[in-house]
file final29.txt (compact mmCIF, C-alpha atoms)
# COMPACT_ATOMS: atom_id res chain seq x y z
CA MET A 83 -22.24 -118.94 71.93
CA PHE A 84 -19.20 -118.02 69.84
CA SER A 85 -16.34 -120.40 70.34
CA PRO A 86 -13.12 -120.40 68.31
CA ALA A 87 -12.85 -124.17 68.67
CA VAL A 88 -16.32 -124.73 67.19
CA LEU A 89 -15.61 -122.28 64.37
CA LEU A 90 -12.31 -124.01 63.58
CA ARG A 91 -14.02 -127.42 63.58
CA LYS A 92 -16.72 -126.18 61.21
CA LEU A 93 -14.09 -124.63 58.91
CA GLY A 94 -12.05 -127.83 58.91
CA HIS A 95 -15.17 -129.87 58.19
CA ALA A 96 -16.07 -127.59 55.27
CA VAL A 97 -12.56 -127.84 53.80
CA VAL A 98 -12.49 -131.65 54.12
CA GLU A 99 -15.97 -131.81 52.53
CA ARG A 100 -14.77 -129.73 49.51
CA ILE A 101 -11.64 -131.84 49.05
CA TRP A 102 -13.74 -135.01 49.29
CA ARG A 103 -16.10 -133.71 46.60
CA LEU A 104 -13.16 -132.70 44.38
CA GLY A 105 -11.69 -136.20 44.68
CA PHE A 106 -15.08 -137.78 43.94
CA ALA A 107 -15.57 -135.46 40.93
CA THR A 108 -12.17 -136.49 39.53
CA ARG A 109 -12.98 -140.18 40.00
CA PHE A 110 -16.37 -139.52 38.40
CA LEU A 111 -14.70 -137.91 35.36
CA PHE A 112 -12.49 -140.97 34.90
CA ALA A 113 -15.56 -143.21 35.20
CA ILE A 114 -17.30 -141.16 32.48
CA LEU A 115 -14.26 -141.38 30.20
CA THR A 116 -13.98 -145.14 30.70
CA HIS A 117 -17.67 -145.64 29.90
CA SER A 118 -17.73 -143.18 26.99
CA GLY A 119 -17.58 -146.03 24.46
CA THR A 120 -21.29 -146.71 25.03
CA ALA A 121 -22.15 -143.05 24.41
CA PHE A 122 -20.57 -143.21 20.96
CA ARG A 123 -21.54 -146.79 20.09
CA ARG A 124 -25.19 -145.97 20.79
CA LEU A 125 -25.10 -142.67 18.95
CA PRO A 126 -28.85 -141.85 19.28
CA LEU A 127 -28.28 -141.47 23.03
CA THR A 128 -25.67 -138.73 22.47
CA LEU A 129 -27.63 -137.16 19.58
CA ARG A 130 -30.63 -136.83 21.89
CA GLU A 131 -28.46 -134.99 24.42
CA ILE A 132 -26.97 -132.71 21.73
CA TYR A 133 -30.60 -131.90 20.85
CA PHE A 134 -31.51 -131.07 24.46
CA SER A 135 -28.28 -129.20 25.32
CA GLY A 136 -27.51 -127.61 21.96
CA VAL A 137 -30.57 -127.25 19.76
CA LEU A 138 -32.85 -126.14 22.60
CA SER A 139 -30.25 -123.52 23.70
CA LEU A 140 -30.10 -122.02 20.20
CA VAL A 141 -32.68 -119.28 20.74
CA ILE A 142 -31.14 -117.86 23.91
CA ILE A 143 -27.61 -118.05 22.45
CA LEU A 144 -28.45 -116.45 19.09
CA VAL A 145 -30.62 -113.67 20.53
CA SER A 146 -28.13 -112.90 23.33
CA GLY A 147 -25.24 -112.89 20.84
CA LEU A 148 -27.06 -110.43 18.59
CA PHE A 149 -27.83 -108.07 21.46
CA VAL A 150 -24.34 -108.29 22.99
CA GLY A 151 -22.88 -107.44 19.55
CA MET A 152 -25.30 -104.53 19.15
CA VAL A 153 -24.36 -103.13 22.55
CA LEU A 154 -20.65 -103.54 21.73
CA GLY A 155 -21.21 -101.71 18.44
CA LEU A 156 -23.00 -98.85 20.15
CA GLN A 157 -20.58 -98.48 23.06
CA GLY A 158 -17.53 -99.01 20.85
CA PHE A 159 -18.69 -96.33 18.44
CA GLU A 160 -19.21 -93.86 21.31
CA THR A 161 -15.65 -94.42 22.55
CA LEU A 162 -13.86 -94.64 19.19
CA GLN A 163 -15.60 -91.51 17.92
CA ARG A 164 -13.67 -89.46 20.50
CA PHE A 165 -10.39 -90.54 18.88
CA GLY A 166 -11.65 -90.24 15.31
CA SER A 167 -11.08 -93.91 14.63
CA THR A 168 -14.56 -95.33 14.14
CA GLU A 169 -13.22 -97.59 11.36
CA ALA A 170 -11.65 -99.68 14.13
CA LEU A 171 -15.15 -100.63 15.33
CA GLY A 172 -15.05 -103.91 13.41
CA ILE A 173 -11.83 -105.16 14.94
CA MET A 174 -12.93 -104.04 18.42
CA VAL A 175 -16.25 -105.92 18.21
CA ALA A 176 -14.67 -109.02 16.64
CA LEU A 177 -11.76 -109.31 19.08
CA SER A 178 -13.98 -108.76 22.15
CA LEU A 179 -16.37 -111.46 20.95
CA THR A 180 -14.02 -114.13 19.62
CA ARG A 181 -11.49 -113.90 22.43
CA GLU A 182 -13.64 -113.29 25.50
CA LEU A 183 -17.35 -112.58 25.34
CA GLY A 184 -18.23 -115.38 22.93
CA PRO A 185 -16.82 -118.27 24.96
CA VAL A 186 -17.52 -116.77 28.41
CA VAL A 187 -21.07 -115.44 27.97
CA ALA A 188 -22.09 -118.45 25.86
CA GLY A 189 -20.63 -120.66 28.63
CA LEU A 190 -22.60 -118.85 31.34
CA LEU A 191 -25.83 -119.06 29.31
CA PHE A 192 -25.14 -122.71 28.51
CA ALA A 193 -24.64 -123.47 32.23
CA SER A 194 -27.93 -121.75 33.08
CA ARG A 195 -29.98 -123.27 30.26
CA ALA A 196 -28.52 -126.73 29.62
CA GLY A 197 -26.42 -127.43 32.73
CA THR A 198 -29.33 -126.93 35.12
CA SER A 199 -31.65 -129.10 33.06
CA VAL A 200 -29.09 -131.94 33.01
CA ALA A 201 -28.48 -131.65 36.77
CA ALA A 202 -32.24 -131.61 37.45
CA GLU A 203 -32.87 -134.59 35.17
CA ILE A 204 -30.17 -136.76 36.74
CA GLY A 205 -31.10 -135.56 40.25
CA LEU A 206 -34.76 -136.50 39.68
CA MET A 207 -33.76 -139.89 38.26
CA LYS A 208 -31.80 -140.45 41.45
CA ALA A 209 -34.67 -139.22 43.67
CA THR A 210 -37.13 -141.55 41.93
CA GLU A 211 -34.61 -144.41 42.20
CA GLN A 212 -34.37 -144.90 38.44
CA LEU A 213 -30.57 -145.04 38.66
CA LYS A 214 -30.78 -147.80 41.27
CA ALA A 215 -33.27 -149.68 39.13
CA MET A 216 -30.85 -149.53 36.19
CA ASP A 217 -28.10 -150.88 38.40
CA MET A 218 -30.42 -153.73 39.42
CA MET A 219 -30.99 -154.55 35.76
CA ALA A 220 -27.20 -154.64 35.18
CA VAL A 221 -27.33 -151.37 33.18
CA ASN A 222 -24.50 -149.06 34.18
CA PRO A 223 -26.11 -145.63 34.86
CA ILE A 224 -22.84 -143.81 34.14
CA ALA A 225 -22.62 -145.40 30.68
CA ARG A 226 -26.36 -145.12 29.94
CA VAL A 227 -27.31 -141.78 31.58
CA VAL A 228 -24.25 -139.73 32.50
CA ALA A 229 -21.75 -140.20 29.64
CA PRO A 230 -24.18 -139.27 26.80
CA ARG A 231 -25.24 -136.11 28.67
CA PHE A 232 -21.59 -135.21 29.31
CA TRP A 233 -20.55 -135.65 25.66
CA GLY A 234 -23.72 -133.94 24.42
CA GLY A 235 -22.69 -130.83 26.36
CA VAL A 236 -19.01 -131.04 25.37
CA ILE A 237 -19.91 -131.22 21.65
CA SER A 238 -22.60 -128.52 21.81
CA MET A 239 -20.67 -125.86 23.71
CA PRO A 240 -18.00 -124.87 21.09
CA LEU A 241 -20.67 -124.78 18.35
CA LEU A 242 -22.88 -122.54 20.48
CA ALA A 243 -19.96 -120.23 21.32
CA ALA A 244 -19.07 -119.91 17.62
CA MET A 245 -22.69 -119.05 16.82
CA PHE A 246 -22.74 -116.50 19.65
CA SER A 247 -19.60 -114.79 18.28
CA ALA A 248 -20.88 -114.84 14.70
CA MET A 249 -24.24 -113.34 15.72
CA GLY A 250 -22.40 -110.75 17.83
CA VAL A 251 -20.29 -109.64 14.87
CA LEU A 252 -23.47 -109.33 12.79
CA GLY A 253 -25.07 -107.32 15.62
CA GLY A 254 -22.06 -104.98 15.73
CA TRP A 255 -22.21 -104.60 11.93
CA LEU A 256 -25.96 -103.91 12.08
CA ILE A 257 -25.55 -101.06 14.57
CA GLY A 258 -22.20 -99.70 13.35
CA VAL A 259 -22.63 -99.90 9.57
CA VAL A 260 -26.38 -100.04 8.91
CA PHE A 261 -27.70 -97.70 11.60
CA ILE A 262 -24.78 -95.37 12.44
CA GLY A 263 -23.04 -95.27 9.07
CA VAL A 264 -19.48 -96.50 9.70
CA ASP A 265 -17.85 -97.35 6.36
CA ASP A 266 -18.72 -100.93 5.42
CA GLY A 267 -15.41 -101.71 3.69
CA ALA A 268 -13.30 -100.31 6.53
CA PHE A 269 -15.38 -102.24 9.10
CA TRP A 270 -14.68 -105.62 7.47
CA SER A 271 -11.14 -104.96 6.20
CA GLN A 272 -9.84 -103.68 9.55
CA MET A 273 -11.45 -106.69 11.20
CA GLN A 274 -9.85 -109.16 8.79
CA ALA A 275 -6.45 -107.47 9.07
CA GLY A 276 -6.51 -107.49 12.88
CA VAL A 277 -8.21 -110.78 13.78
CA ASP A 278 -5.95 -113.78 13.36
CA TRP A 279 -7.66 -117.10 12.59
CA ARG A 280 -5.33 -119.31 14.59
CA TYR A 281 -4.46 -116.92 17.38
CA ASP A 282 -7.83 -115.29 18.14
CA ILE A 283 -10.61 -117.48 16.73
CA TRP A 284 -9.06 -120.89 17.29
CA ASN A 285 -8.03 -119.99 20.86
CA GLY A 286 -11.60 -118.85 21.51
CA ILE A 287 -12.92 -122.20 20.27
CA ILE A 288 -10.42 -124.06 22.51
CA LYS A 289 -11.63 -121.95 25.44
CA SER A 290 -15.27 -122.82 24.78
CA PHE A 291 -14.36 -126.52 24.48
CA VAL A 292 -12.70 -126.39 27.93
CA PHE A 293 -15.74 -124.55 29.33
CA GLY A 294 -17.95 -127.24 27.79
CA ILE A 295 -16.03 -129.98 29.60
CA ALA A 296 -16.17 -128.04 32.90
CA VAL A 297 -19.88 -127.15 32.76
CA SER A 298 -20.95 -130.61 31.57
CA LEU A 299 -18.90 -132.33 34.29
CA ILE A 300 -20.27 -130.02 37.00
CA ALA A 301 -23.86 -130.53 35.81
CA VAL A 302 -23.73 -134.35 35.66
CA PHE A 303 -21.73 -134.55 38.89
CA GLU A 304 -24.09 -132.28 40.86
CA GLY A 305 -27.08 -134.22 39.58
CA TYR A 306 -25.50 -137.60 40.35
CA ASP A 307 -24.27 -136.48 43.78
CA SER A 308 -27.51 -134.70 44.81
CA VAL A 309 -29.45 -135.63 47.94
CA PRO A 310 -32.42 -137.62 46.53
CA THR A 311 -35.15 -135.26 47.77
CA ALA A 312 -36.96 -132.30 46.21
CA GLU A 313 -34.81 -129.93 48.28
CA GLY A 314 -31.63 -131.83 47.41
CA VAL A 315 -32.33 -131.59 43.67
CA SER A 316 -33.08 -127.86 43.90
CA ARG A 317 -29.80 -127.36 45.77
CA ALA A 318 -27.95 -129.36 43.11
CA ILE A 319 -29.37 -127.05 40.42
CA THR A 320 -28.32 -123.95 42.33
CA ARG A 321 -24.84 -125.39 42.93
CA THR A 322 -24.54 -126.20 39.21
CA VAL A 323 -25.11 -122.57 38.21
CA VAL A 324 -22.89 -121.08 40.93
CA THR A 325 -20.00 -123.55 40.52
CA SER A 326 -20.17 -123.41 36.71
CA ALA A 327 -20.12 -119.60 36.64
CA LEU A 328 -17.17 -119.38 39.04
CA THR A 329 -15.29 -122.16 37.24
CA ILE A 330 -15.82 -120.54 33.83
CA LEU A 331 -14.53 -117.17 35.06
CA ALA A 332 -11.53 -118.71 36.85
CA LEU A 333 -10.67 -120.95 33.87
CA ASP A 334 -11.04 -117.96 31.55
CA PHE A 335 -8.41 -116.08 33.52
CA VAL A 336 -6.01 -119.03 33.48
CA LEU A 337 -6.53 -119.79 29.77
CA THR A 338 -6.25 -116.12 28.78
CA SER A 339 -2.98 -115.75 30.66
CA PHE A 340 -1.60 -118.79 28.79
CA MET A 341 -2.98 -117.96 25.35
CA PHE A 342 -2.62 -114.20 25.02
CA ARG A 343 0.26 -113.41 27.36
CA GLY A 344 2.25 -110.32 26.45
CA THR A 345 1.70 -110.42 22.72
CA SER A 346 -1.40 -108.32 22.24
CA MET B 251 -39.91 -137.25 19.21
CA ASN B 252 -39.17 -139.77 16.51
CA ARG B 253 -35.65 -140.52 15.38
CA THR B 254 -35.78 -138.79 12.00
CA ALA B 255 -36.85 -135.42 13.38
CA LEU B 256 -34.18 -135.66 16.08
CA ASP B 257 -31.48 -136.35 13.52
CA LEU B 258 -32.74 -133.48 11.41
CA TRP B 259 -32.57 -131.00 14.29
CA VAL B 260 -29.12 -132.14 15.44
CA GLY B 261 -27.87 -132.02 11.85
CA PHE B 262 -29.27 -128.51 11.49
CA PHE B 263 -27.58 -127.48 14.76
CA VAL B 264 -24.17 -128.91 13.79
CA ALA B 265 -24.40 -127.35 10.30
CA LEU B 266 -25.27 -123.97 11.84
CA GLY B 267 -22.31 -124.28 14.25
CA LEU B 268 -19.90 -125.17 11.47
CA ALA B 269 -21.28 -122.31 9.36
CA ALA B 270 -20.58 -119.96 12.27
CA VAL B 271 -16.98 -121.25 12.52
CA LEU B 272 -16.59 -120.83 8.75
CA PHE B 273 -18.01 -117.30 8.93
CA LEU B 274 -15.57 -116.43 11.74
CA ALA B 275 -12.64 -117.93 9.82
CA THR B 276 -13.26 -116.32 6.46
CA LYS B 277 -15.23 -113.14 7.06
CA VAL B 278 -13.97 -112.13 10.53
CA GLY B 279 -10.50 -113.68 10.64
CA ASN B 280 -7.78 -113.61 8.04
CA LEU B 281 -7.86 -117.27 7.00
CA SER B 282 -8.88 -116.43 3.44
CA SER B 283 -6.05 -113.95 3.07
CA ALA B 284 -3.60 -115.95 5.20
CA ASN B 285 -0.22 -116.55 3.71
CA LEU B 286 -0.20 -120.25 3.00
CA SER B 287 3.03 -120.24 0.99
CA GLU B 288 6.38 -121.07 2.53
CA THR B 289 8.15 -118.50 4.64
CA TYR B 290 11.77 -117.79 5.56
CA THR B 291 13.16 -115.90 8.52
CA LEU B 292 15.31 -112.80 8.65
CA GLN B 293 16.64 -110.97 11.65
CA ALA B 294 17.03 -107.26 12.22
CA LYS B 295 18.72 -105.48 15.13
CA PHE B 296 17.35 -102.17 16.40
CA ASP B 297 18.53 -99.76 19.11
CA ASN B 298 14.93 -99.16 20.10
CA ILE B 299 11.80 -100.96 18.89
CA GLY B 300 9.30 -98.61 20.58
CA GLY B 301 5.94 -100.38 20.80
CA LEU B 302 6.60 -103.10 18.22
CA LYS B 303 4.78 -106.35 19.02
CA VAL B 304 5.12 -110.01 18.08
CA ARG B 305 2.69 -110.82 15.19
CA GLY B 306 3.02 -107.24 13.97
CA PRO B 307 3.13 -106.75 10.19
CA VAL B 308 6.21 -106.49 7.97
CA LYS B 309 5.49 -104.32 4.91
CA SER B 310 7.33 -103.40 1.78
CA ALA B 311 5.95 -100.53 -0.33
CA GLY B 312 2.91 -100.70 1.96
CA VAL B 313 2.17 -104.33 1.06
CA LEU B 314 2.11 -106.99 3.75
CA VAL B 315 5.03 -109.36 3.12
CA GLY B 316 5.46 -111.04 6.50
CA ARG B 317 4.98 -111.05 10.27
CA ILE B 318 7.17 -110.47 13.29
CA THR B 319 7.63 -113.82 15.02
CA ASP B 320 9.98 -113.02 17.88
CA ILE B 321 11.48 -110.07 19.73
CA LYS B 322 14.34 -110.46 22.20
CA LEU B 323 17.24 -108.52 23.67
CA ASP B 324 20.79 -109.36 22.60
CA PRO B 325 22.63 -109.81 25.94
CA THR B 326 25.98 -108.66 24.53
CA SER B 327 25.12 -105.63 22.38
CA TYR B 328 21.92 -104.70 24.29
CA GLU B 329 20.11 -104.29 20.99
CA ALA B 330 16.61 -105.60 20.25
CA VAL B 331 16.74 -108.58 17.88
CA VAL B 332 13.54 -108.82 15.83
CA THR B 333 12.86 -112.04 13.91
CA LEU B 334 10.83 -111.56 10.75
CA SER B 335 8.97 -114.33 8.96
CA ILE B 336 8.86 -113.31 5.29
CA ASP B 337 6.63 -114.75 2.57
CA GLY B 338 8.77 -117.06 0.41
CA ARG B 339 7.51 -115.39 -2.80
CA PHE B 340 9.41 -112.21 -1.94
CA ARG B 341 13.20 -111.84 -1.95
CA PHE B 342 14.97 -108.66 -0.85
CA PRO B 343 18.43 -107.29 -1.75
CA LYS B 344 21.29 -107.41 0.79
CA ASP B 345 21.21 -103.65 1.33
CA THR B 346 17.52 -103.52 2.22
CA PHE B 347 16.73 -100.98 4.93
CA ALA B 348 14.47 -102.12 7.81
CA SER B 349 12.72 -99.26 9.64
CA ILE B 350 10.06 -99.14 12.31
CA TYR B 351 7.09 -97.02 11.29
CA THR B 352 3.74 -96.18 12.85
CA ALA B 353 0.56 -96.57 10.81
CA GLY B 354 -1.16 -93.19 11.10
CA LEU B 355 -0.90 -91.09 14.23
CA LEU B 356 -2.31 -93.63 16.66
CA GLY B 357 -1.96 -96.82 14.64
CA GLU B 358 0.10 -99.95 15.26
CA GLN B 359 3.84 -100.07 14.66
CA TYR B 360 5.26 -102.19 11.86
CA VAL B 361 8.57 -103.01 10.22
CA GLY B 362 8.95 -101.41 6.77
CA LEU B 363 11.46 -102.85 4.30
CA ASP B 364 12.89 -100.22 1.93
CA VAL B 365 14.57 -102.04 -0.93
CA GLY B 366 18.15 -101.16 -1.95
CA GLY B 367 20.00 -101.79 -5.21
CA ASP B 368 22.31 -104.71 -4.35
CA GLU B 369 22.24 -107.65 -6.75
CA LYS B 370 22.84 -110.19 -3.98
CA MET B 371 19.70 -111.27 -2.14
CA LEU B 372 19.12 -111.85 1.57
CA GLN B 373 19.01 -115.57 2.38
CA ALA B 374 17.06 -117.39 5.09
CA GLY B 375 18.59 -116.70 8.51
CA ASP B 376 20.44 -113.56 7.36
CA THR B 377 20.49 -110.37 9.40
CA VAL B 378 19.37 -107.06 7.94
CA THR B 379 22.25 -104.75 8.81
CA LYS B 380 20.76 -101.40 7.82
CA THR B 381 18.06 -100.51 10.32
CA GLN B 382 16.35 -97.44 11.65
CA SER B 383 14.81 -97.51 15.12
CA ALA B 384 11.36 -96.40 16.13
CA VAL B 385 10.78 -92.70 16.64
CA VAL B 386 10.42 -92.06 20.37
CA LEU B 387 8.39 -88.88 20.82
CA GLU B 388 9.89 -88.06 24.22
CA LYS B 389 13.42 -88.11 22.71
CA LEU B 390 12.36 -85.88 19.82
CA ILE B 391 10.70 -83.38 22.14
CA SER B 392 13.70 -83.23 24.49
CA GLN B 393 16.08 -82.75 21.51
CA PHE B 394 13.86 -79.95 20.23
CA LEU B 395 13.78 -78.27 23.64
CA PHE B 396 17.58 -78.54 24.04
CA SER B 397 18.19 -77.05 20.59
CA LYS B 398 15.78 -74.20 21.34
CA ALA B 399 17.54 -73.53 24.64
CA ALA B 400 20.95 -73.57 22.87
CA GLU B 401 19.63 -71.12 20.23
CA GLY B 402 18.50 -68.80 23.03
CA GLN B 403 21.94 -68.85 24.65
CA ASP B 404 23.71 -68.16 21.32
CA LYS B 405 21.60 -65.01 20.78
CA LYS B 406 22.72 -63.63 24.13

call {"tool": "encode", "arguments": {"input": "final29.txt", "output": "structure tokens"}}
result
Amino acid sequence: MFSPAVLLRKLGHAVVERIWRLGFATRFLFAILTHSGTAFRRLPLTLREIYFSGVLSLVIILVSGLFVGMVLGLQGFETLQRFGSTEALGIMVALSLTRELGPVVAGLLFASRAGTSVAAEIGLMKATEQLKAMDMMAVNPIARVVAPRFWGGVISMPLLAAMFSAMGVLGGWLIGVVFIGVDDGAFWSQMQAGVDWRYDIWNGIIKSFVFGIAVSLIAVFEGYDSVPTAEGVSRAITRTVVTSALTILALDFVLTSFMFRGTS
Amino acid sequence: MNRTALDLWVGFFVALGLAAVLFLATKVGNLSSANLSETYTLQAKFDNIGGLKVRGPVKSAGVLVGRITDIKLDPTSYEAVVTLSIDGRFRFPKDTFASIYTAGLLGEQYVGLDVGGDEKMLQAGDTVTKTQSAVVLEKLISQFLFSKAAEGQDKK
């Protein structure tokens, strides 16, 4: 039966639960930062995570970047042709990719490919009581398991986003210049005149670095905080993708409003 | 996987990432053509700046010589004060004319410096006194319509 009191109690419970998780996540981040020394002292641990998060995400990032750039080239040409300014295709493709699509789409793909695998791995280690066993052997699981995975993701993400943008620009060039016939010189010169290294490219890299921190934290936290059952781990994976995607989009709005406010 | 292969793959990944950043910096962005020499600032006051933007180009004889670093409104004269960061290699005479032009019909607006004949040069922090505001199409059209209407009345 519908009862306002019950509804209010459930709502209150849900809000308290979210705030509790936020507090725990913040404490967890501080714990990771305090135990990060191990991740860098035992470099092979972090290198292994860069391999799993970065190298194994290369194919999806490079292929997606190429196709996103090709679509931008095609759609951009269609629109710019109406105004007789197809030479501006280069700057349009480059600005869209370096400022927005590169960091955001690479972040979403990274969350789906690497974030879920990290959450699943840590969740399964928890379900099979490997984390407890480490604790018993006086090995800190945050230093040994969580911190290397966190830093592996944080280091990989900006590199992947840069590769995504670079492949996208090449995709736009392939469609615009090679297939459609936009002037090659105008394509590159307009791009170089309009894209500022510090303002556009560097800000895009900073964005992807922030997304890397957010996605990596969400992935390790969801895995570490998962209910140690098959269902609990699957829920943790789902929550990783959903929370990461929403966080990336929200952070993108905030960062964009700080970085590009009123000057473009 | 043994250690050597792992290192190789991670090294390959990092190198590819750095190559992408380098490609973005040099081929896509303007790092290679960025003005790395020292700059000095000049100010110019305009009645109307139209659609001029911060980071917009400053050109002389069509060549890029600087960037617009700040635009604000003077609270006393109600004029727009545009701060220009000029490449230190270029010096301009005191009677240089600063105008706001539009590149092409739909292009971006920029500040054009038309050089005068004065022997004294503008120094850092100086204000360019001779300026010409942006052309506002609406104003031009309304002036044209008024003059046409006045012509019509004279004929009667």

call {"tool": "interface_residues", "arguments": {"input": "final29.txt", "of": "chain B", "to": "chain A", "cutoff": "6 Å", "atoms": "only C-alpha atoms", "output": "VMD selection string"}}
result
chain B and resid 260 263 267 270 to 271 275 278 to 281 304

call {"tool": "write_last_selection", "arguments": {"input": "final29.txt", "atoms": "C-alpha atoms", "output": "PDB file, keeping the file's coordinate frame"}}
result
ATOM      1  CA  VAL B 260     -29.120-132.140  15.440  1.00  0.00           C
ATOM      2  CA  PHE B 263     -27.580-127.480  14.760  1.00  0.00           C
ATOM      3  CA  GLY B 267     -22.310-124.280  14.250  1.00  0.00           C
ATOM      4  CA  ALA B 270     -20.580-119.960  12.270  1.00  0.00           C
ATOM      5  CA  VAL B 271     -16.980-121.250  12.520  1.00  0.00           C
ATOM      6  CA  ALA B 275     -12.640-117.930   9.820  1.00  0.00           C
ATOM      7  CA  VAL B 278     -13.970-112.130  10.530  1.00  0.00           C
ATOM      8  CA  GLY B 279     -10.500-113.680  10.640  1.00  0.00           C
ATOM      9  CA  ASN B 280      -7.780-113.610   8.040  1.00  0.00           C
ATOM     10  CA  LEU B 281      -7.860-117.270   7.000  1.00  0.00           C
ATOM     11  CA  VAL B 304       5.120-110.010  18.080  1.00  0.00           C
TER      12      VAL B 304
END

call {"tool": "closest_atom_pairs", "arguments": {"input": "final29.txt", "of": "stretch 186-294 of chain A", "to": "stretch 326-331 of chain A", "cutoff": "9 Å", "atoms": "only C-alpha atoms", "output": "CSV"}}
result
residue,atom,partner,partner_atom,distance
A:Val186,CA,A:Ile330,CA,6.8
A:Gly189,CA,A:Ile330,CA,7.1
A:Leu190,CA,A:Ala327,CA,5.9
A:Ala193,CA,A:Ser326,CA,6.3
A:Ser194,CA,A:Ser326,CA,8.7
A:Gly197,CA,A:Ser326,CA,8.4
A:Val292,CA,A:Ile330,CA,8.9
A:Phe293,CA,A:Ile330,CA,6.0

call {"tool": "atom_distance", "arguments": {"input": "final29.txt", "atom1": "atom CA of A:Phe149", "atom2": "atom CA of A:Gly258"}}
result
12.9 Å

call {"tool": "closest_residue", "arguments": {"input": "final29.txt", "among": "A:Phe342, A:Glu160, A:Gly234, A:Ile101", "to": "A:Ile262", "atoms": "all atoms listed in the file"}}
result
A:Glu160

call {"tool": "atom_distance", "arguments": {"input": "final29.txt", "atom1": "atom CA of A:Gly235", "atom2": "atom CA of A:Phe340"}}
result
24.4 Å

call {"tool": "atom_distance", "arguments": {"input": "final29.txt", "atom1": "atom CA of B:Leu266", "atom2": "atom CA of A:Thr198"}}
result
23.8 Å

call {"tool": "residues_around", "arguments": {"input": "final29.txt", "residues": "stretch 378-381 of chain B", "least_positions_apart": "2", "cutoff": "10 Å", "atoms": "all atoms listed in the file", "output": "PyMOL selection string"}}
result
chain B and resi 292-297+332+342-350+361-364+372+375-376+383-384

call {"tool": "closest_residue", "arguments": {"input": "final29.txt", "among": "A:Ser308, A:Gly267, A:Ala301, A:Ile295", "to": "B:Lys277", "atoms": "only C-alpha atoms"}}
result
A:Gly267

call {"tool": "residues_around", "arguments": {"input": "final29.txt", "residues": "B:Arg341", "least_positions_apart": "4", "cutoff": "12 Å", "atoms": "all atoms listed in the file", "output": "list in words"}}
result
Thr289, Tyr290, Thr291, Leu292, Ser310, Val315, Gly316, Ser335, Ile336, Asp337, Asp345, Thr346, Leu363, Val365, Gly366, Asp368, Glu369, Lys370, Met371, Leu372, Gln373, Ala374 and Asp376 of chain B

call {"tool": "residues_around", "arguments": {"input": "final29.txt", "residues": "A:Ile300", "least_positions_apart": "5", "cutoff": "9 Å", "atoms": "all atoms listed in the file", "output": "list in words"}}
result
Ala107, Gly197, Ala201, Ile295, Gly305, Arg321, Thr322, Val323, Thr325 and Ser326 of chain A

call {"tool": "write_last_selection", "arguments": {"input": "final29.txt", "atoms": "C-alpha atoms", "output": "mmCIF file, in the frame of the given file"}}
result
data_model
loop_
_atom_site.group_PDB
_atom_site.id
_atom_site.type_symbol
_atom_site.label_atom_id
_atom_site.label_comp_id
_atom_site.auth_asym_id
_atom_site.auth_seq_id
_atom_site.Cartn_x
_atom_site.Cartn_y
_atom_site.Cartn_z
ATOM 1 C CA ALA A 107 -15.570 -135.460 40.930
ATOM 2 C CA GLY A 197 -26.420 -127.430 32.730
ATOM 3 C CA ALA A 201 -28.480 -131.650 36.770
ATOM 4 C CA ILE A 295 -16.030 -129.980 29.600
ATOM 5 C CA GLY A 305 -27.080 -134.220 39.580
ATOM 6 C CA ARG A 321 -24.840 -125.390 42.930
ATOM 7 C CA THR A 322 -24.540 -126.200 39.210
ATOM 8 C CA VAL A 323 -25.110 -122.570 38.210
ATOM 9 C CA THR A 325 -20.000 -123.550 40.520
ATOM 10 C CA SER A 326 -20.170 -123.410 36.710
#

call {"tool": "residues_around", "arguments": {"input": "final29.txt", "residues": "B:Arg305", "least_positions_apart": "4", "cutoff": "6 Å", "atoms": "only C-alpha atoms", "output": "list of chain:residue names"}}
result
B:Arg317, B:Ile318, B:Thr319
